[in-house]
file data.txt (compact mmCIF, C-alpha atoms (C1' of nucleotides))
# COMPACT_ATOMS: atom_id res chain seq x y z
CA MET A 1 -14.44 13.00 10.81
CA PRO A 2 -13.99 11.28 14.03
CA GLU A 3 -12.15 12.79 17.00
CA GLY A 4 -14.17 13.78 20.06
CA PRO A 5 -15.05 17.31 18.88
CA SER A 6 -16.48 15.97 15.61
CA LEU A 7 -18.72 13.70 17.66
CA VAL A 8 -19.99 16.70 19.63
CA LEU A 9 -20.97 18.37 16.35
CA MET A 10 -22.67 15.16 15.24
CA LYS A 11 -24.63 15.07 18.49
CA GLU A 12 -25.72 18.67 17.95
CA ALA A 13 -26.95 17.76 14.46
CA LEU A 14 -28.99 14.90 15.89
CA LEU A 15 -30.45 16.77 18.86
CA PRO A 16 -33.74 17.55 17.07
CA PHE A 17 -34.46 13.81 17.23
CA GLU A 18 -34.37 13.62 21.00
CA GLY A 19 -37.75 12.51 22.30
CA LYS A 20 -38.81 11.32 18.85
CA LYS A 21 -40.04 7.80 18.21
CA VAL A 22 -38.16 5.58 15.78
CA THR A 23 -40.76 4.25 13.36
CA ALA A 24 -38.53 2.22 11.02
CA VAL A 25 -35.11 0.61 11.28
CA SER A 26 -32.93 -0.89 8.59
CA GLY A 27 -29.27 -1.39 7.68
CA TYR A 28 -26.71 -4.15 7.51
CA ALA A 29 -25.35 -3.79 11.04
CA LYS A 30 -24.94 -7.18 12.67
CA ALA A 31 -26.42 -6.05 15.99
CA ASP A 32 -30.08 -6.68 16.70
CA ILE A 33 -31.10 -3.25 15.44
CA LYS A 34 -34.75 -4.23 14.85
CA ARG A 35 -35.45 -3.90 18.54
CA ILE A 36 -34.96 -0.14 18.27
CA ALA A 37 -38.21 0.21 16.31
CA GLY A 38 -41.11 1.70 18.21
CA HIS A 39 -38.96 3.28 20.92
CA LYS A 40 -38.41 6.95 21.65
CA ILE A 41 -34.86 8.28 21.84
CA LYS A 42 -34.55 9.30 25.46
CA ASP A 43 -31.19 10.97 25.20
CA ILE A 44 -28.35 11.60 22.77
CA ARG A 45 -24.88 12.05 24.15
CA THR A 46 -21.25 11.35 23.45
CA TRP A 47 -18.38 9.82 25.32
CA GLY A 48 -15.16 10.60 23.51
CA LYS A 49 -15.55 9.13 20.03
CA HIS A 50 -18.71 7.22 20.93
CA LEU A 51 -22.17 8.45 20.00
CA LEU A 52 -24.77 7.10 22.41
CA LEU A 53 -28.46 6.92 21.57
CA GLU A 54 -30.35 6.04 24.71
CA PHE A 55 -33.61 4.07 24.72
CA PRO A 56 -35.55 2.61 27.65
CA GLY A 57 -33.44 -0.24 29.00
CA PHE A 58 -30.71 -0.18 26.36
CA PHE A 59 -28.61 2.13 24.24
CA VAL A 60 -27.01 2.15 20.83
CA ARG A 61 -23.30 2.87 20.57
CA ILE A 62 -22.05 4.19 17.26
CA HIS A 63 -18.36 4.56 16.47
CA LEU A 64 -17.36 6.08 13.15
CA LEU A 65 -13.92 4.48 13.16
CA MET A 66 -11.77 5.99 10.43
CA PHE A 67 -14.23 6.27 7.53
CA GLY A 68 -17.63 6.60 9.11
CA SER A 69 -20.15 9.27 8.19
CA TYR A 70 -23.79 10.19 8.70
CA ARG A 71 -26.58 12.09 7.00
CA VAL A 72 -29.71 13.69 8.44
CA ASN A 73 -32.81 13.58 6.22
CA GLU A 74 -30.81 12.55 3.17
CA GLU A 75 -29.13 9.48 1.70
CA LYS A 76 -25.74 8.70 0.27
CA ASP A 77 -25.30 6.39 -2.71
CA VAL A 78 -24.22 3.47 -0.51
CA ASN A 79 -26.35 1.44 1.88
CA PRO A 80 -26.36 2.64 5.47
CA MET A 81 -25.00 0.52 8.31
CA LEU A 82 -27.97 1.83 10.29
CA ARG A 83 -30.95 3.84 9.21
CA LEU A 84 -33.46 5.23 11.70
CA GLY A 85 -36.75 6.40 10.27
CA PHE A 86 -39.10 8.86 11.99
CA ALA A 87 -42.48 10.43 11.31
CA ARG A 88 -42.88 12.73 8.30
CA ASN A 89 -40.12 10.97 6.33
CA GLN A 90 -37.40 12.19 8.63
CA CYS A 91 -34.38 9.94 9.02
CA ILE A 92 -30.84 9.53 10.27
CA ASN A 93 -28.36 7.44 8.27
CA PHE A 94 -25.06 6.10 9.57
CA TYR A 95 -22.47 4.77 7.11
CA THR A 96 -19.39 2.56 7.48
CA CYS A 97 -19.41 2.53 11.23
CA SER A 98 -19.51 0.22 14.20
CA VAL A 99 -22.97 -0.25 15.74
CA LYS A 100 -23.42 -1.98 19.05
CA ILE A 101 -26.39 -2.35 21.34
CA LEU A 102 -25.66 -2.35 25.06
CA GLU A 103 -27.99 -3.18 27.89
CA GLY A 104 -28.86 -0.78 30.68
CA GLU A 105 -27.89 2.84 31.16
CA ALA A 106 -24.89 4.53 29.58
CA ASN A 107 -24.18 6.18 32.92
CA ASP A 108 -23.46 2.78 34.44
CA LEU A 109 -20.91 1.90 31.76
CA TYR A 110 -19.08 5.13 31.04
CA ASP A 111 -16.88 7.35 33.14
CA TRP A 112 -17.44 10.88 31.92
CA SER A 113 -14.53 12.23 33.93
CA ALA A 114 -12.27 10.68 31.24
CA ASP A 115 -13.92 12.59 28.37
CA VAL A 116 -11.78 15.62 27.56
CA LEU A 117 -14.85 17.53 26.35
CA SER A 118 -17.19 16.62 29.19
CA ASP A 119 -18.36 18.96 31.93
CA ASP A 120 -17.31 16.13 34.23
CA TRP A 121 -13.72 15.98 32.89
CA SER A 122 -11.20 15.55 35.71
CA ALA A 123 -7.61 16.65 35.21
CA GLU A 124 -6.83 15.16 38.60
CA LYS A 125 -8.01 11.72 37.58
CA ALA A 126 -6.03 11.96 34.36
CA LYS A 127 -2.94 12.73 36.40
CA THR A 128 -3.57 9.71 38.62
CA LYS A 129 -4.01 7.44 35.60
CA LEU A 130 -0.83 8.75 33.99
CA ALA A 131 1.06 8.16 37.23
CA ALA A 132 -0.02 4.52 37.01
CA HIS A 133 1.70 4.25 33.58
CA PRO A 134 5.15 5.75 34.13
CA ASP A 135 6.72 3.87 31.20
CA MET A 136 4.14 4.93 28.66
CA LEU A 137 5.18 7.24 25.81
CA VAL A 138 3.30 10.54 25.71
CA CYS A 139 2.34 9.89 22.08
CA ASP A 140 0.51 6.77 23.27
CA ALA A 141 -0.94 8.41 26.36
CA LEU A 142 -2.71 11.05 24.27
CA LEU A 143 -4.40 8.30 22.24
CA ASP A 144 -5.43 6.26 25.28
CA GLN A 145 -9.21 6.47 25.45
CA ASP A 146 -9.32 5.52 29.11
CA ILE A 147 -7.18 8.54 29.99
CA PHE A 148 -8.01 11.10 27.26
CA SER A 149 -11.29 9.90 25.81
CA GLY A 150 -11.99 11.74 22.57
CA SER A 151 -8.40 12.67 21.86
CA GLY A 152 -7.17 11.43 18.49
CA ASN A 153 -4.18 11.69 16.24
CA ILE A 154 -4.66 15.33 15.29
CA ILE A 155 -5.19 16.38 18.90
CA LYS A 156 -2.14 14.34 19.90
CA ASN A 157 0.13 16.11 17.43
CA GLU A 158 -1.14 19.60 18.14
CA VAL A 159 -1.10 19.21 21.94
CA LEU A 160 2.50 17.97 21.90
CA PHE A 161 3.54 20.88 19.75
CA ARG A 162 1.71 23.43 21.88
CA THR A 163 3.28 22.07 25.05
CA ARG A 164 6.67 21.66 23.34
CA ILE A 165 6.93 18.03 24.39
CA HIS A 166 8.64 15.48 22.14
CA PRO A 167 6.28 12.58 21.26
CA LEU A 168 8.79 9.98 22.47
CA SER A 169 8.96 11.48 25.95
CA VAL A 170 8.21 9.03 28.74
CA VAL A 171 5.23 9.90 30.95
CA GLY A 172 7.05 9.20 34.22
CA LYS A 173 9.96 11.44 33.22
CA LEU A 174 7.88 14.55 32.55
CA PRO A 175 8.53 17.36 35.02
CA ALA A 176 5.37 18.27 36.98
CA ARG A 177 4.89 21.48 35.02
CA GLN A 178 5.00 19.73 31.65
CA LEU A 179 2.71 16.96 32.87
CA SER A 180 0.12 19.50 34.00
CA ALA A 181 0.45 21.42 30.75
CA LEU A 182 -0.10 18.26 28.72
CA ILE A 183 -3.29 17.41 30.59
CA LYS A 184 -4.58 20.97 30.48
CA GLU A 185 -3.87 21.38 26.77
CA ALA A 186 -5.51 18.07 25.84
CA ARG A 187 -8.80 19.60 26.93
CA ASN A 188 -8.05 23.14 25.85
CA TYR A 189 -7.03 22.24 22.29
CA SER A 190 -10.05 19.93 22.01
CA PHE A 191 -12.33 22.93 22.50
CA ASP A 192 -10.35 24.94 19.95
CA PHE A 193 -10.70 21.99 17.57
CA LEU A 194 -14.46 21.97 18.23
CA GLU A 195 -14.96 25.65 17.43
CA TRP A 196 -12.65 25.62 14.41
CA LYS A 197 -14.32 22.52 13.05
CA ARG A 198 -17.71 24.14 13.55
CA GLN A 199 -16.54 27.10 11.47
CA TYR A 200 -14.93 24.84 8.82
CA VAL A 201 -11.53 26.36 9.53
CA LEU A 202 -9.92 23.55 11.51
CA LYS A 203 -7.26 22.70 8.97
CA GLN A 204 -5.94 26.22 8.59
CA HIS A 205 -5.20 26.30 12.31
CA TRP A 206 -3.00 23.23 12.30
CA GLN A 207 0.45 24.23 13.48
CA ILE A 208 2.32 20.94 13.13
CA TYR A 209 -0.04 18.24 11.84
CA THR A 210 0.79 17.59 8.13
CA LYS A 211 3.15 20.58 8.17
CA LYS A 212 6.52 20.71 6.46
CA GLU A 213 8.05 23.54 8.44
CA CYS A 214 7.95 24.42 12.13
CA PRO A 215 6.03 27.69 12.61
CA ARG A 216 8.31 28.66 15.51
CA CYS A 217 11.85 28.00 14.31
CA HIS A 218 11.21 27.32 10.61
CA LEU A 219 13.28 24.16 10.61
CA PRO A 220 11.85 21.14 8.79
CA VAL A 221 9.17 19.17 10.64
CA THR A 222 9.97 15.51 11.36
CA LYS A 223 7.36 12.93 10.34
CA GLU A 224 7.57 9.46 11.85
CA TYR A 225 5.23 6.60 12.66
CA LEU A 226 5.49 6.35 16.43
CA GLY A 227 3.98 4.59 19.41
CA ALA A 228 2.20 1.30 19.95
CA GLY A 229 -0.09 1.93 17.00
CA LYS A 230 2.64 3.41 14.79
CA ARG A 231 0.53 6.45 14.12
CA ARG A 232 1.60 9.35 11.98
CA THR A 233 3.43 11.84 14.16
CA PHE A 234 4.66 15.31 13.21
CA PHE A 235 7.03 17.16 15.49
CA CYS A 236 9.88 19.65 15.66
CA GLU A 237 13.16 18.18 16.93
CA HIS A 238 14.30 21.65 17.89
CA CYS A 239 11.24 23.04 19.68
CA GLN A 240 9.88 19.91 21.36
CA GLN A 241 11.94 18.62 24.25
CA ARG A 242 12.37 14.93 24.87
CA TYR A 243 12.08 13.78 28.47
CA ALA A 244 13.35 10.21 28.58
C1' DT B 245 -4.17 8.10 -9.62
C1' DG B 246 -3.86 5.59 -5.81
C1' DG B 247 -1.73 5.32 -1.50
C1' DA B 248 -2.54 6.78 2.95
C1' DA B 249 -5.46 8.06 6.68
C1' DT B 250 -8.96 12.08 12.18
C1' DG B 251 -9.73 4.36 14.54
C1' DT B 252 -10.75 0.10 16.53
C1' DT B 253 -11.50 -4.80 16.50
C1' DG B 254 -10.88 -9.51 16.03
C1' DG B 255 -8.38 -13.17 14.84
C1' DA B 256 -4.12 -15.15 12.90
C1' DA B 257 0.60 -15.77 13.85
C1' DC B 258 4.25 -16.52 16.75
C1' DC C 259 -1.46 -18.89 26.44
C1' DG C 260 0.15 -14.02 26.27
C1' DT C 261 1.63 -10.76 22.98
C1' DT C 262 2.02 -8.75 18.61
C1' DC C 263 0.72 -7.94 14.12
C1' DC C 264 -2.25 -6.92 10.40
C1' DA C 265 -6.25 -6.87 7.64
C1' DA C 266 -10.69 -5.09 7.34
C1' DC C 267 -14.25 -1.35 7.13
C1' DA C 268 -20.12 -0.64 0.69
C1' DT C 269 -14.59 5.82 2.24
C1' DT C 270 -12.38 10.18 1.36
C1' DC C 271 -8.63 13.15 0.58
C1' DC C 272 -4.81 15.26 -1.63

call {"tool": "encode", "arguments": {"input": "data.txt", "output": "C-alpha cells"}}
result
Amino acid sequence: MPEGPSLVLMKEALLPFEGKKVTAVSGYAKADIKRIAGHKIKDIRTWGKHLLLEFPGFFVRIHLLMFGSYRVNEEKDVNPMLRLGFARNQCINFYTCSVKILEGEANDLYDWSADVLSDDWSAEKAKTKLAAHPDMLVCDALLDQDIFSGSGNIIKNEVLFRTRIHPLSVVGKLPARQLSALIKEARNYSFDFLEWKRQYVLKQHWQIYTKKECPRCHLPVTKEYLGAGKRRTFFCEHCQQRYA
DNA sequence: TGGAATGTTGGAAC
DNA sequence: CGTTCCAACATTCC
C-alpha cells in the first residue's frame, strides 16, 4: 500500500468527502478522535506518506505504516482504527494505521517542497539537504522523509537502478551529474509509480525490485539488507556503479 | 504454510 | 545520557 503515490490515490478516493460533515466517529485509535464529530472536512491532502484531513483548528494525520488499509462505504471483518460516518450511511474506514490529531494548520507544520509528488517539490532544496549529509548512503537518503518525502523502499530500489547508482554509494562522493539524476529520478519514477499503480500494473514494471536477473546485463541480481534500517535492497553489481 | 514485508515509533538495552 | 536495536501493528502476499 503505502508509498507516496499510493497515498495520492487514497486521497483521490476520499475527495468526494471534502466539505462533508462528519456525523459519527468511532474506532480504537488512542487519539481524541471524538472531537472530530460535527465538523466538516475542510481539505484532504497528502504529504509524502501522510494523509491529512483538515478541520477548523486541527487536522488528523493518518499513516498506514506497513499494513494499513482503508475502505470507502464498506467494512472489513476487523474493527477500524478510525471510522468516520457521514450522512446517508456513507463512511470511511481506516484499518491498522497510526492516527494522530495535530493542532493548527497543516501548512504551518509541513514543508511541501520536500514531497516528491507535490507541485511545490524543490530539487534545489533536496540538493542542499543532501549536501548537508555527505556521509549518508544513497540507500538511506532515498528513504529519508525530510529529503524525499513519499519515497519508500520500492522507489528507492527502482530509482537506484534507473540511475545506475550502487545503493552503498556515499552521497558526498556522487559526481554532480549522478546527484542530479538521483534527485530528478526520485520524482520522475514516483509519477510513473502513481500511474502504474492507478492502472494496477505497477508490479509488472518493476525492473529490479524482487527481480532475480538484471534486465540490462542478465547477470543475477544481488539482494541484501542495507542501510540504517537494513531494508531489502535489490541491485546489479555490474550495472550500478559504487561511488565511495 | 508461514516467513517476510511498500514503515514508523517507542521503549528497552547497552 | 546518547545511540542502537527490536518488537509491535485486530495484515497481506507469495

call {"tool": "residues_around", "arguments": {"input": "data.txt", "residues": "Val159 (chain A)", "least_positions_apart": "5", "cutoff": "8 Å", "atoms": "only C-alpha atoms (C1' of nucleotides)", "output": "list in words"}}
result
Leu182, Glu185, Ala186 and Tyr189 of chain A

call {"tool": "write_last_selection", "arguments": {"input": "data.txt", "atoms": "C-alpha atoms", "output": "short mmCIF file (atom, residue, chain, number, x, y, z; two decimals), in the coordinates of the input"}}
result
data_model
loop_
_atom_site.label_atom_id
_atom_site.label_comp_id
_atom_site.auth_asym_id
_atom_site.auth_seq_id
_atom_site.Cartn_x
_atom_site.Cartn_y
_atom_site.Cartn_z
CA LEU A 182 -0.10 18.26 28.72
CA GLU A 185 -3.87 21.38 26.77
CA ALA A 186 -5.51 18.07 25.84
CA TYR A 189 -7.03 22.24 22.29
#

call {"tool": "closest_residue", "arguments": {"input": "data.txt", "among": "A:Tyr95, A:Tyr243, A:Trp121, A:Phe17", "to": "chain C", "atoms": "only C-alpha atoms (C1' of nucleotides)"}}
result
A:Tyr95

call {"tool": "interface_residues", "arguments": {"input": "data.txt", "of": "chain C", "to": "chain A", "cutoff": "9 Å", "atoms": "all atoms listed in the file", "output": "number ranges by chain"}}
result
C: 267-270

call {"tool": "residues_around", "arguments": {"input": "data.txt", "residues": "region 38-49 of chain A", "least_positions_apart": "4", "cutoff": "7 Å", "atoms": "only C-alpha atoms (C1' of nucleotides)", "output": "ChimeraX atom specification"}}
result
/A:2-4,7-8,11,15,18-23,53-55,63,112,115,149-150

call {"tool": "atom_distance", "arguments": {"input": "data.txt", "atom1": "CA of Ser118 (chain A)", "atom2": "CA of Ile62 (chain A)"}}
result
17.9 Å
